[in-house]
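Structure file input_2.cif; described as mmCIF, C-alpha atoms.
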```
data_work
loop_
_atom_site.label_atom_id
_atom_site.label_comp_id
_atom_site.auth_asym_id
_atom_site.auth_seq_id
_atom_site.Cartn_x
_atom_site.Cartn_y
_atom_site.Cartn_z
CA TYR A 160 25.10 -9.71 31.01
CA SER A 161 24.42 -6.37 32.59
CA ARG A 162 21.35 -4.61 33.78
CA LYS A 163 20.44 -1.79 36.12
CA LYS A 164 19.08 -3.45 39.24
CA LYS A 165 15.60 -2.69 40.53
CA ARG A 166 15.45 -0.71 43.73
CA ILE A 167 12.96 1.28 45.76
CA ASP A 168 11.33 3.84 43.49
CA VAL A 169 13.30 7.09 43.72
CA GLY A 170 10.19 9.24 43.60
CA ASN A 171 8.70 7.26 46.47
CA ARG A 172 11.94 7.67 48.43
CA ASN A 173 11.85 11.43 47.95
CA ARG A 174 8.24 11.62 49.11
CA LEU A 175 9.14 9.65 52.22
CA ILE A 176 12.17 11.81 52.91
CA LYS A 177 10.12 14.99 52.82
CA GLY A 178 7.52 13.68 55.24
CA ILE A 179 9.52 11.94 57.95
CA GLY A 180 11.52 14.70 59.62
CA ASN A 181 14.15 13.23 61.97
CA ASP A 182 12.91 9.66 61.64
CA PRO A 183 15.82 7.20 61.11
CA THR A 184 14.16 6.09 57.90
CA ASN A 185 15.37 9.41 56.51
CA TYR A 186 18.97 8.37 57.12
CA VAL A 187 18.52 5.06 55.33
CA LEU A 188 16.72 6.49 52.31
CA ARG A 189 19.30 9.22 51.79
CA ASN A 190 22.11 6.71 52.05
CA LEU A 191 20.45 4.35 49.57
CA ASP A 192 20.29 7.22 47.08
CA ASP A 193 23.98 8.03 47.66
CA ILE A 194 24.89 4.34 47.25
CA ASP A 195 22.98 4.12 43.96
CA ALA A 196 24.47 7.38 42.70
CA ALA A 197 28.04 6.24 43.39
CA LEU A 198 27.51 3.00 41.51
CA ALA A 199 25.82 4.80 38.59
CA ASP A 200 28.76 7.22 38.44
CA GLY A 201 31.21 4.32 38.03
CA LYS A 202 32.47 4.41 41.62
CA PRO A 203 31.81 0.87 42.90
CA SER A 204 34.40 1.10 45.70
CA GLU A 205 32.72 4.19 47.11
CA SER A 206 29.30 2.58 46.72
CA LEU A 207 30.52 -0.54 48.52
CA GLN A 208 31.95 1.47 51.42
CA LEU A 209 28.74 3.47 51.82
CA ALA A 210 26.54 0.36 51.64
CA ARG A 211 28.55 -1.56 54.23
CA ALA A 212 28.55 1.38 56.62
CA CYS A 213 24.82 1.89 56.16
CA LEU A 214 24.09 -1.82 56.70
CA LYS A 215 25.99 -1.78 59.98
CA LYS A 216 24.05 1.30 61.08
CA VAL A 217 20.68 -0.13 60.04
CA LYS A 218 21.23 -3.35 61.96
CA GLY A 219 21.70 -1.28 65.11
CA ILE A 220 18.53 0.79 64.74
CA GLU A 221 15.65 -0.56 66.79
CA ASN A 222 12.02 -0.23 65.66
CA LEU A 223 13.01 0.83 62.15
CA PRO A 224 10.01 0.45 59.82
CA ASN A 225 10.65 -1.98 56.95
CA LYS A 226 13.99 -2.89 58.51
CA LYS A 227 14.32 -6.26 56.80
CA GLU A 228 13.44 -4.73 53.44
CA PHE A 229 16.17 -2.13 53.91
CA ILE A 230 18.67 -4.81 54.92
CA ALA A 231 17.78 -6.85 51.81
CA ASN A 232 18.26 -3.74 49.65
CA LEU A 233 21.65 -3.08 51.20
CA HIS A 234 22.83 -6.65 50.60
CA SER A 235 21.75 -6.13 46.99
CA SER A 236 23.71 -2.87 46.79
CA ILE A 237 26.81 -4.51 48.25
CA GLY A 238 26.46 -7.39 45.78
CA CYS A 239 26.15 -5.07 42.80
CA ALA A 240 29.22 -3.09 43.86
CA LEU A 241 31.22 -6.30 44.37
CA LEU A 242 30.09 -7.52 40.96
CA GLU A 243 31.43 -4.36 39.32
CA LEU A 244 34.69 -4.82 41.23
CA GLY A 245 35.00 -8.38 39.91
CA ASN A 246 34.60 -10.04 43.32
CA LEU A 247 32.06 -12.51 41.97
CA ASP A 248 31.89 -15.08 44.76
CA SER A 249 31.30 -12.44 47.42
CA ALA A 250 28.76 -10.71 45.17
CA LEU A 251 26.90 -14.00 44.81
CA ASN A 252 26.73 -14.44 48.57
CA GLU A 253 25.24 -10.96 48.97
CA HIS A 254 22.60 -11.49 46.31
CA LYS A 255 21.63 -14.86 47.79
CA GLU A 256 21.25 -13.18 51.19
CA ASP A 257 18.99 -10.62 49.49
CA LEU A 258 16.95 -13.54 48.10
CA ASN A 259 16.71 -15.27 51.48
CA ILE A 260 15.51 -12.13 53.26
CA SER A 261 13.11 -11.18 50.45
CA ASN A 262 11.60 -14.66 50.56
CA SER A 263 11.25 -14.48 54.35
CA ILE A 264 9.30 -11.22 54.18
CA LYS A 265 7.40 -12.29 51.05
CA SER A 266 8.69 -9.36 49.00
CA ASP A 267 8.07 -10.14 45.32
CA GLU A 268 10.01 -7.05 44.27
CA GLY A 269 12.99 -8.09 46.38
CA LYS A 270 12.83 -11.66 45.10
CA ALA A 271 12.74 -10.47 41.48
CA ARG A 272 15.71 -8.17 42.10
CA ALA A 273 17.72 -10.95 43.73
CA LEU A 274 16.95 -13.49 40.99
CA ASP A 275 18.00 -10.96 38.35
CA ASN A 276 21.30 -10.29 40.11
CA ILE A 277 22.09 -13.91 40.97
CA GLY A 278 21.62 -14.77 37.30
CA ARG A 279 23.84 -11.86 36.26
CA THR A 280 26.56 -12.98 38.63
CA TYR A 281 26.52 -16.61 37.54
CA ALA A 282 26.58 -15.50 33.89
CA ARG A 283 29.59 -13.27 34.60
CA LYS A 284 31.28 -16.29 36.22
CA GLY A 285 30.62 -18.33 33.09
CA GLU A 286 28.34 -20.70 35.01
CA TYR A 287 25.53 -20.50 32.48
CA SER A 288 23.49 -23.46 33.71
CA GLU A 289 23.21 -21.86 37.15
CA ALA A 290 22.28 -18.52 35.59
CA VAL A 291 19.50 -20.22 33.60
CA LYS A 292 18.23 -21.98 36.74
CA TYR A 293 17.71 -18.70 38.58
CA TRP A 294 16.52 -16.64 35.62
CA GLU A 295 13.90 -19.25 34.74
CA GLN A 296 12.39 -18.68 38.20
CA ARG A 297 12.01 -15.04 37.20
CA ILE A 298 9.91 -15.77 34.10
CA PRO A 299 6.46 -16.08 35.75
CA MET A 300 6.98 -13.04 37.96
CA PRO A 301 5.60 -9.59 37.02
CA LYS A 302 7.81 -7.57 34.72
CA THR A 303 7.63 -4.81 32.15
CA VAL A 304 8.02 -5.66 28.45
CA LEU A 305 11.49 -4.11 28.54
CA GLU A 306 12.48 -6.27 31.50
CA ALA A 307 11.10 -9.27 29.61
CA ALA A 308 13.20 -8.36 26.56
CA TRP A 309 16.31 -8.30 28.75
CA LEU A 310 15.45 -11.50 30.62
CA TYR A 311 14.67 -13.60 27.54
CA HIS A 312 17.77 -12.27 25.80
CA GLU A 313 20.03 -13.18 28.71
CA LEU A 314 18.48 -16.65 28.94
CA GLY A 315 19.02 -17.06 25.21
CA ARG A 316 22.66 -16.00 25.43
CA CYS A 317 23.26 -18.57 28.17
CA CYS A 318 21.59 -21.29 26.09
CA LEU A 319 23.78 -20.31 23.15
CA GLU A 320 26.88 -20.65 25.32
CA LEU A 321 25.65 -24.04 26.52
CA GLY A 322 25.08 -25.29 22.98
CA ASN A 323 21.31 -25.40 23.38
CA TYR A 324 20.72 -23.64 20.10
CA SER A 325 17.00 -24.33 19.62
CA GLU A 326 16.26 -22.94 23.10
CA ALA A 327 18.49 -19.95 22.37
CA ALA A 328 16.52 -19.18 19.21
CA SER A 329 13.21 -19.58 21.08
CA TYR A 330 14.26 -17.21 23.85
CA GLY A 331 15.55 -14.82 21.21
CA GLU A 332 12.13 -14.77 19.55
CA GLN A 333 10.46 -14.02 22.90
CA SER A 334 12.98 -11.25 23.53
CA LEU A 335 12.33 -9.78 20.10
CA ASP A 336 8.57 -9.85 20.67
CA SER A 337 8.96 -7.99 23.98
CA ALA A 338 11.46 -5.51 22.52
CA THR A 339 9.05 -4.79 19.66
CA GLN A 340 6.22 -4.19 22.11
CA ALA A 341 8.51 -1.82 24.01
CA SER A 342 9.55 -0.08 20.76
CA ASP A 343 13.17 -0.43 21.90
CA ASP A 344 15.51 -0.44 18.91
CA ASN A 345 18.62 -1.58 20.77
CA TRP A 346 16.95 -4.64 22.26
CA GLN A 347 15.43 -5.45 18.86
CA ILE A 348 18.98 -5.49 17.48
CA ASN A 349 20.28 -7.60 20.36
CA SER A 350 17.49 -10.15 20.11
CA SER A 351 17.66 -10.35 16.30
CA VAL A 352 21.40 -10.99 16.44
CA LEU A 353 20.88 -13.66 19.09
CA ILE A 354 18.30 -15.44 16.93
CA ALA A 355 20.61 -15.20 13.93
CA GLN A 356 23.58 -16.63 15.83
CA ALA A 357 21.46 -19.54 17.05
CA GLU A 358 20.14 -20.21 13.54
CA VAL A 359 23.72 -20.23 12.21
CA LYS A 360 24.56 -22.95 14.72
CA LEU A 361 21.44 -24.86 13.62
CA ALA A 362 22.57 -24.48 9.97
CA ASN A 363 19.40 -22.52 9.18
CA ASP A 364 21.27 -20.00 7.07
CA GLU A 365 18.23 -18.33 5.49
CA LYS A 366 16.67 -17.66 8.90
CA ALA A 367 20.02 -16.38 10.12
CA LEU A 368 20.25 -13.93 7.22
CA GLU A 369 16.68 -12.77 7.80
CA ASN A 370 17.46 -11.87 11.40
CA PHE A 371 20.88 -10.37 10.69
CA ASN A 372 19.30 -8.19 8.00
CA ARG A 373 16.57 -7.05 10.39
CA ALA A 374 19.22 -6.05 12.91
CA LEU A 375 21.24 -4.28 10.21
CA LYS A 376 18.28 -2.17 9.08
CA ILE A 377 17.65 -0.99 12.64
CA ALA A 378 21.35 -0.22 13.13
CA GLU A 379 21.28 1.85 9.93
CA VAL A 380 18.33 3.85 11.24
CA LEU A 381 20.26 4.46 14.47
CA ASP A 382 23.37 5.35 12.42
CA ASP A 383 25.47 3.00 14.58
CA LYS A 384 28.48 2.34 12.35
CA ALA A 385 30.22 -0.11 14.68
CA VAL A 386 27.14 -2.31 14.95
CA GLN A 387 26.53 -2.04 11.20
CA ASP A 388 30.07 -3.20 10.47
CA ALA A 389 29.85 -6.16 12.86
CA ILE A 390 26.51 -7.32 11.46
CA SER A 391 27.63 -6.82 7.86
CA LYS A 392 30.65 -9.03 8.56
CA ALA A 393 28.36 -11.72 10.00
CA ILE A 394 26.13 -11.51 6.91
CA GLN A 395 29.17 -11.93 4.65
CA ASP A 396 30.22 -15.02 6.61
CA VAL A 397 26.79 -16.61 6.25
CA ASN A 398 26.63 -15.81 2.53
CA TYR A 399 30.09 -17.30 2.10
CA ARG A 400 28.99 -20.50 3.82
CA ILE A 401 25.87 -20.71 1.65
CA ALA A 402 28.04 -20.32 -1.47
CA GLU A 403 30.43 -22.99 -0.23
CA ASN A 404 27.58 -25.40 0.38
CA LEU A 405 26.21 -24.79 -3.11
CA ASN A 406 29.63 -25.39 -4.63
CA ALA A 407 30.02 -28.58 -2.63
CA GLU A 408 26.68 -29.82 -3.93
CA ASP A 409 27.78 -29.12 -7.51
CA LEU A 410 30.90 -31.25 -6.98
CA VAL A 411 28.93 -34.30 -5.83
CA PRO A 412 28.72 -36.68 -8.83
CA GLU A 413 25.27 -37.76 -9.86
CA LYS A 414 24.41 -41.41 -9.36
CA VAL A 415 23.81 -43.30 -12.56
#
```
What does this structure look like when you write it as structure tokens?
Amino acid sequence: YSRKKKRIDVGNRNRLIKGIGNDPTNYVLRNLDDIDAALADGKPSESLQLARACLKKVKGIENLPNKKEFIANLHSSIGCALLELGNLDSALNEHKEDLNISNSIKSDEGKARALDNIGRTYARKGEYSEAVKYWEQRIPMPKTVLEAAWLYHELGRCCLELGNYSEAASYGEQSLDSATQASDDNWQINSSVLIAQAEVKLANDEKALENFNRALKIAEVLDDKAVQDAISKAIQDVNYRIAENLNAEDLVPEKV
């Protein structure tokens, strides 16, 4: 349940930075880049400190263009840092504040970002029904095929955890379709394994094998030994169950 959060386009930030001189927007944009960089470098504590300091500064700047959008972004940054630090309840509060502000300024990009992160946080907490509730709101919103592959996969994983196996398989199929459109091998593996796991739970062993084998072939192309071994073990388990079922049928006496 992890994904790089959407933020203001870096190229757009850089263009703004070059053209604004001493405008306070320059301060905010540079700090947002530093906050993102710290988190990407695996330094969530540093990212959190920078984001909180920047938020305090931004709130005190009068007549700052796009002020509410910046504040929403900073709440998102704080939430993502807290999530990485394992402070899930506080992270959830920050992402919900991002959602509230984004809704108030009618920012679809901000709303999408917040819904993504609220779902991630609930999933990390093990509260899968809540994660599904927020992620389902994300479905009709604009997204790339790669974002769709991630979203449907995460929804499917939650459904699998909740025991909703048919829904998990359905979301897995949608994830696979998006991953195929995106030509993304890793997400094709992830979605195929999800479908297979759901089909195992539904006792559809042949469908499970079909999807495990698809994932295995892609893993072989990528030369990912660890993934190959894990999938091969799953295939062995399914084949063993099929053999057991056949043996059990042979032992059932025929009715005269």
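With all atoms listed in the file as the basis for measurement, A:Arg316 is the residue among A:Arg316, A:Lys302, A:Lys227, A:Lys265 that approaches A:Gly278 most closely.
The coordinates place atom CA of A:Ala290 at 11.0 Å from atom CA of A:Leu310.
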Anything within 12 Å of (18.0, -8.8, 20.2): list those residues as JSON, numbers by chain, counting all atoms listed in the file and sticking to the file's coordinates. {"A": [305, 307, 308, 309, 310, 311, 312, 313, 314, 315, 316, 327, 328, 329, 330, 331, 332, 333, 334, 335, 336, 337, 338, 339, 343, 344, 345, 346, 347, 348, 349, 350, 351, 352, 353, 354, 355, 356, 357, 370, 371, 373, 374, 375, 377, 378]}
Which residues, protein or nucleic acid, reach to within 9 Å of (16.4, -10.1, 48.1) in the file's coordinates when using only C-alpha atoms, and can you give that as an MDAnalysis selection string? chainID A and resid 228 230:232 234:235 253:262 266:274
Closest pair table for stretch 241-328 of chain A residues within 12 Å of stretch 360-366 of chain A, all atoms listed in the file, as a Markdown table:
```
| residue | atom | partner | partner_atom | distance |
| --- | --- | --- | --- | --- |
| A:Cys318 | CA | A:Lys360 | CA | 11.9 |
| A:Leu319 | CA | A:Lys360 | CA | 8.9 |
| A:Glu320 | CA | A:Lys360 | CA | 11.1 |
| A:Leu321 | CA | A:Lys360 | CA | 11.9 |
| A:Gly322 | CA | A:Lys360 | CA | 8.6 |
| A:Asn323 | CA | A:Lys360 | CA | 9.6 |
| A:Tyr324 | CA | A:Leu361 | CA | 6.6 |
| A:Ser325 | CA | A:Leu361 | CA | 7.5 |
| A:Glu326 | CA | A:Leu361 | CA | 11.0 |
| A:Ala327 | CA | A:Lys360 | CA | 10.2 |
| A:Ala328 | CA | A:Leu361 | CA | 9.4 |
```
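Closest approach to A:Ile390 among A:Ala367, A:Ala341, A:Leu251, A:Leu198: A:Ala367, based on only C-alpha atoms.
Shortest atom-to-atom contact with A:Gly201 among A:Val397, A:Leu214, A:Ala240, A:Ala385: A:Ala240, counting all atoms listed in the file.
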Atom CA of A:Pro183 and atom CA of A:Lys218, how far apart in Å? 11.9 Å
Atom CA of A:Glu306 and atom CA of A:Ile277 are how many Å apart? 15.5 Å
Set the distance at 8 Å and use all atoms listed in the file: which residues neighbour stretch 193-195 of chain A once local chain neighbours fewer than 6 positions away are removed? I'd like the list as a ChimeraX atom specification. /A:205-207,209-210,236
Compare A:Ser204, A:Asn190, A:Lys226, A:Val217 by their minimum atom-to-atom distance to A:Gly238, counting only C-alpha atoms, and give me the closest one. A:Ser204
For the structure just given, write the atoms of stretch 365-380 of chain A, namely all heavy atoms, as an mmCIF file, in the first residue's frame.
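After the write, part08.cif holds the following:
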```cif
data_model
loop_
_atom_site.group_PDB
_atom_site.id
_atom_site.type_symbol
_atom_site.label_atom_id
_atom_site.label_comp_id
_atom_site.auth_asym_id
_atom_site.auth_seq_id
_atom_site.Cartn_x
_atom_site.Cartn_y
_atom_site.Cartn_z
ATOM 1 N N GLU A 365 -8.054 -23.447 -11.825
ATOM 2 C CA GLU A 365 -7.530 -23.297 -13.182
ATOM 3 C C GLU A 365 -7.285 -21.825 -13.516
ATOM 4 O O GLU A 365 -6.268 -21.473 -14.103
ATOM 5 C CB GLU A 365 -8.496 -23.923 -14.192
ATOM 6 C CG GLU A 365 -8.636 -25.433 -14.069
ATOM 7 C CD GLU A 365 -7.307 -26.164 -14.237
ATOM 8 O OE1 GLU A 365 -6.460 -25.672 -15.032
ATOM 9 O OE2 GLU A 365 -7.115 -27.204 -13.587
ATOM 10 N N LYS A 366 -8.225 -20.959 -13.110
ATOM 11 C CA LYS A 366 -8.031 -19.522 -13.327
ATOM 12 C C LYS A 366 -6.855 -19.009 -12.508
ATOM 13 O O LYS A 366 -6.104 -18.138 -12.959
ATOM 14 C CB LYS A 366 -9.305 -18.763 -12.961
ATOM 15 C CG LYS A 366 -10.436 -18.907 -13.963
ATOM 16 C CD LYS A 366 -11.604 -18.000 -13.593
ATOM 17 C CE LYS A 366 -12.721 -18.085 -14.617
ATOM 18 N NZ LYS A 366 -13.866 -17.202 -14.266
ATOM 19 N N ALA A 367 -6.711 -19.543 -11.306
ATOM 20 C CA ALA A 367 -5.581 -19.139 -10.465
ATOM 21 C C ALA A 367 -4.265 -19.493 -11.140
ATOM 22 O O ALA A 367 -3.336 -18.665 -11.211
ATOM 23 C CB ALA A 367 -5.677 -19.806 -9.099
ATOM 24 N N LEU A 368 -4.169 -20.710 -11.653
ATOM 25 C CA LEU A 368 -2.942 -21.135 -12.332
ATOM 26 C C LEU A 368 -2.656 -20.287 -13.560
ATOM 27 O O LEU A 368 -1.499 -19.922 -13.816
ATOM 28 C CB LEU A 368 -3.062 -22.608 -12.739
ATOM 29 C CG LEU A 368 -2.874 -23.641 -11.634
ATOM 30 C CD1 LEU A 368 -3.113 -25.046 -12.187
ATOM 31 C CD2 LEU A 368 -1.487 -23.545 -11.018
ATOM 32 N N GLU A 369 -3.701 -19.970 -14.313
ATOM 33 C CA GLU A 369 -3.535 -19.139 -15.507
ATOM 34 C C GLU A 369 -2.890 -17.802 -15.157
ATOM 35 O O GLU A 369 -1.966 -17.338 -15.842
ATOM 36 C CB GLU A 369 -4.902 -18.915 -16.156
ATOM 37 C CG GLU A 369 -4.876 -17.988 -17.357
ATOM 38 C CD GLU A 369 -6.275 -17.668 -17.866
ATOM 39 O OE1 GLU A 369 -7.202 -18.460 -17.587
ATOM 40 O OE2 GLU A 369 -6.430 -16.623 -18.533
ATOM 41 N N ASN A 370 -3.350 -17.200 -14.073
ATOM 42 C CA ASN A 370 -2.829 -15.885 -13.696
ATOM 43 C C ASN A 370 -1.463 -15.972 -13.025
ATOM 44 O O ASN A 370 -0.602 -15.115 -13.256
ATOM 45 C CB ASN A 370 -3.840 -15.178 -12.797
ATOM 46 C CG ASN A 370 -5.002 -14.610 -13.580
ATOM 47 O OD1 ASN A 370 -4.882 -13.561 -14.199
ATOM 48 N ND2 ASN A 370 -6.129 -15.331 -13.597
ATOM 49 N N PHE A 371 -1.245 -17.009 -12.222
ATOM 50 C CA PHE A 371 0.085 -17.197 -11.645
ATOM 51 C C PHE A 371 1.109 -17.426 -12.751
ATOM 52 O O PHE A 371 2.233 -16.895 -12.707
ATOM 53 C CB PHE A 371 0.101 -18.384 -10.674
ATOM 54 C CG PHE A 371 -0.336 -18.047 -9.273
ATOM 55 C CD1 PHE A 371 -1.226 -18.879 -8.593
ATOM 56 C CD2 PHE A 371 0.148 -16.931 -8.613
ATOM 57 C CE1 PHE A 371 -1.618 -18.586 -7.295
ATOM 58 C CE2 PHE A 371 -0.250 -16.622 -7.306
ATOM 59 C CZ PHE A 371 -1.140 -17.467 -6.653
ATOM 60 N N ASN A 372 0.740 -18.218 -13.747
ATOM 61 C CA ASN A 372 1.672 -18.508 -14.842
ATOM 62 C C ASN A 372 1.970 -17.266 -15.676
ATOM 63 O O ASN A 372 3.104 -17.080 -16.125
ATOM 64 C CB ASN A 372 1.109 -19.620 -15.736
ATOM 65 C CG ASN A 372 1.323 -21.007 -15.144
ATOM 66 O OD1 ASN A 372 2.401 -21.315 -14.646
ATOM 67 N ND2 ASN A 372 0.289 -21.841 -15.178
ATOM 68 N N ARG A 373 0.954 -16.404 -15.861
ATOM 69 C CA ARG A 373 1.204 -15.150 -16.567
ATOM 70 C C ARG A 373 2.220 -14.311 -15.793
ATOM 71 O O ARG A 373 3.167 -13.768 -16.373
ATOM 72 C CB ARG A 373 -0.092 -14.354 -16.745
ATOM 73 C CG ARG A 373 0.133 -13.049 -17.513
ATOM 74 C CD ARG A 373 -1.029 -12.075 -17.396
ATOM 75 N NE ARG A 373 -2.254 -12.631 -17.909
ATOM 76 C CZ ARG A 373 -3.323 -12.895 -17.184
ATOM 77 N NH1 ARG A 373 -3.314 -12.651 -15.872
ATOM 78 N NH2 ARG A 373 -4.414 -13.386 -17.721
ATOM 79 N N ALA A 374 2.019 -14.218 -14.493
ATOM 80 C CA ALA A 374 2.941 -13.443 -13.657
ATOM 81 C C ALA A 374 4.347 -14.036 -13.696
ATOM 82 O O ALA A 374 5.340 -13.307 -13.752
ATOM 83 C CB ALA A 374 2.424 -13.387 -12.225
ATOM 84 N N LEU A 375 4.417 -15.356 -13.680
ATOM 85 C CA LEU A 375 5.723 -16.029 -13.694
ATOM 86 C C LEU A 375 6.486 -15.738 -14.980
ATOM 87 O O LEU A 375 7.699 -15.472 -14.948
ATOM 88 C CB LEU A 375 5.535 -17.537 -13.518
ATOM 89 C CG LEU A 375 6.816 -18.378 -13.509
ATOM 90 C CD1 LEU A 375 7.735 -17.950 -12.358
ATOM 91 C CD2 LEU A 375 6.473 -19.865 -13.395
ATOM 92 N N LYS A 376 5.793 -15.768 -16.115
ATOM 93 C CA LYS A 376 6.459 -15.501 -17.392
ATOM 94 C C LYS A 376 7.046 -14.090 -17.431
ATOM 95 O O LYS A 376 8.156 -13.876 -17.933
ATOM 96 C CB LYS A 376 5.467 -15.694 -18.543
ATOM 97 C CG LYS A 376 5.113 -17.147 -18.814
ATOM 98 C CD LYS A 376 4.102 -17.276 -19.948
ATOM 99 C CE LYS A 376 3.734 -18.732 -20.186
ATOM 100 N NZ LYS A 376 2.710 -18.871 -21.271
ATOM 101 N N ILE A 377 6.293 -13.125 -16.901
ATOM 102 C CA ILE A 377 6.795 -11.748 -16.883
ATOM 103 C C ILE A 377 7.992 -11.640 -15.950
ATOM 104 O O ILE A 377 8.990 -10.977 -16.260
ATOM 105 C CB ILE A 377 5.683 -10.771 -16.452
ATOM 106 C CG1 ILE A 377 4.521 -10.817 -17.435
ATOM 107 C CG2 ILE A 377 6.236 -9.340 -16.378
ATOM 108 C CD1 ILE A 377 3.293 -10.037 -16.983
ATOM 109 N N ALA A 378 7.916 -12.305 -14.793
ATOM 110 C CA ALA A 378 9.031 -12.276 -13.836
ATOM 111 C C ALA A 378 10.283 -12.902 -14.442
ATOM 112 O O ALA A 378 11.408 -12.448 -14.177
ATOM 113 C CB ALA A 378 8.642 -13.010 -12.559
ATOM 114 N N GLU A 379 10.102 -13.924 -15.275
ATOM 115 C CA GLU A 379 11.246 -14.562 -15.941
ATOM 116 C C GLU A 379 11.883 -13.606 -16.937
ATOM 117 O O GLU A 379 13.117 -13.545 -17.052
ATOM 118 C CB GLU A 379 10.776 -15.844 -16.637
ATOM 119 C CG GLU A 379 10.452 -16.972 -15.666
ATOM 120 C CD GLU A 379 9.812 -18.170 -16.330
ATOM 121 O OE1 GLU A 379 9.393 -18.053 -17.510
ATOM 122 O OE2 GLU A 379 9.712 -19.220 -15.684
ATOM 123 N N VAL A 380 11.053 -12.849 -17.651
ATOM 124 C CA VAL A 380 11.580 -11.860 -18.596
ATOM 125 C C VAL A 380 12.378 -10.796 -17.853
ATOM 126 O O VAL A 380 13.436 -10.346 -18.321
ATOM 127 C CB VAL A 380 10.434 -11.208 -19.406
ATOM 128 C CG1 VAL A 380 10.955 -10.022 -20.217
ATOM 129 C CG2 VAL A 380 9.780 -12.235 -20.325
#
```
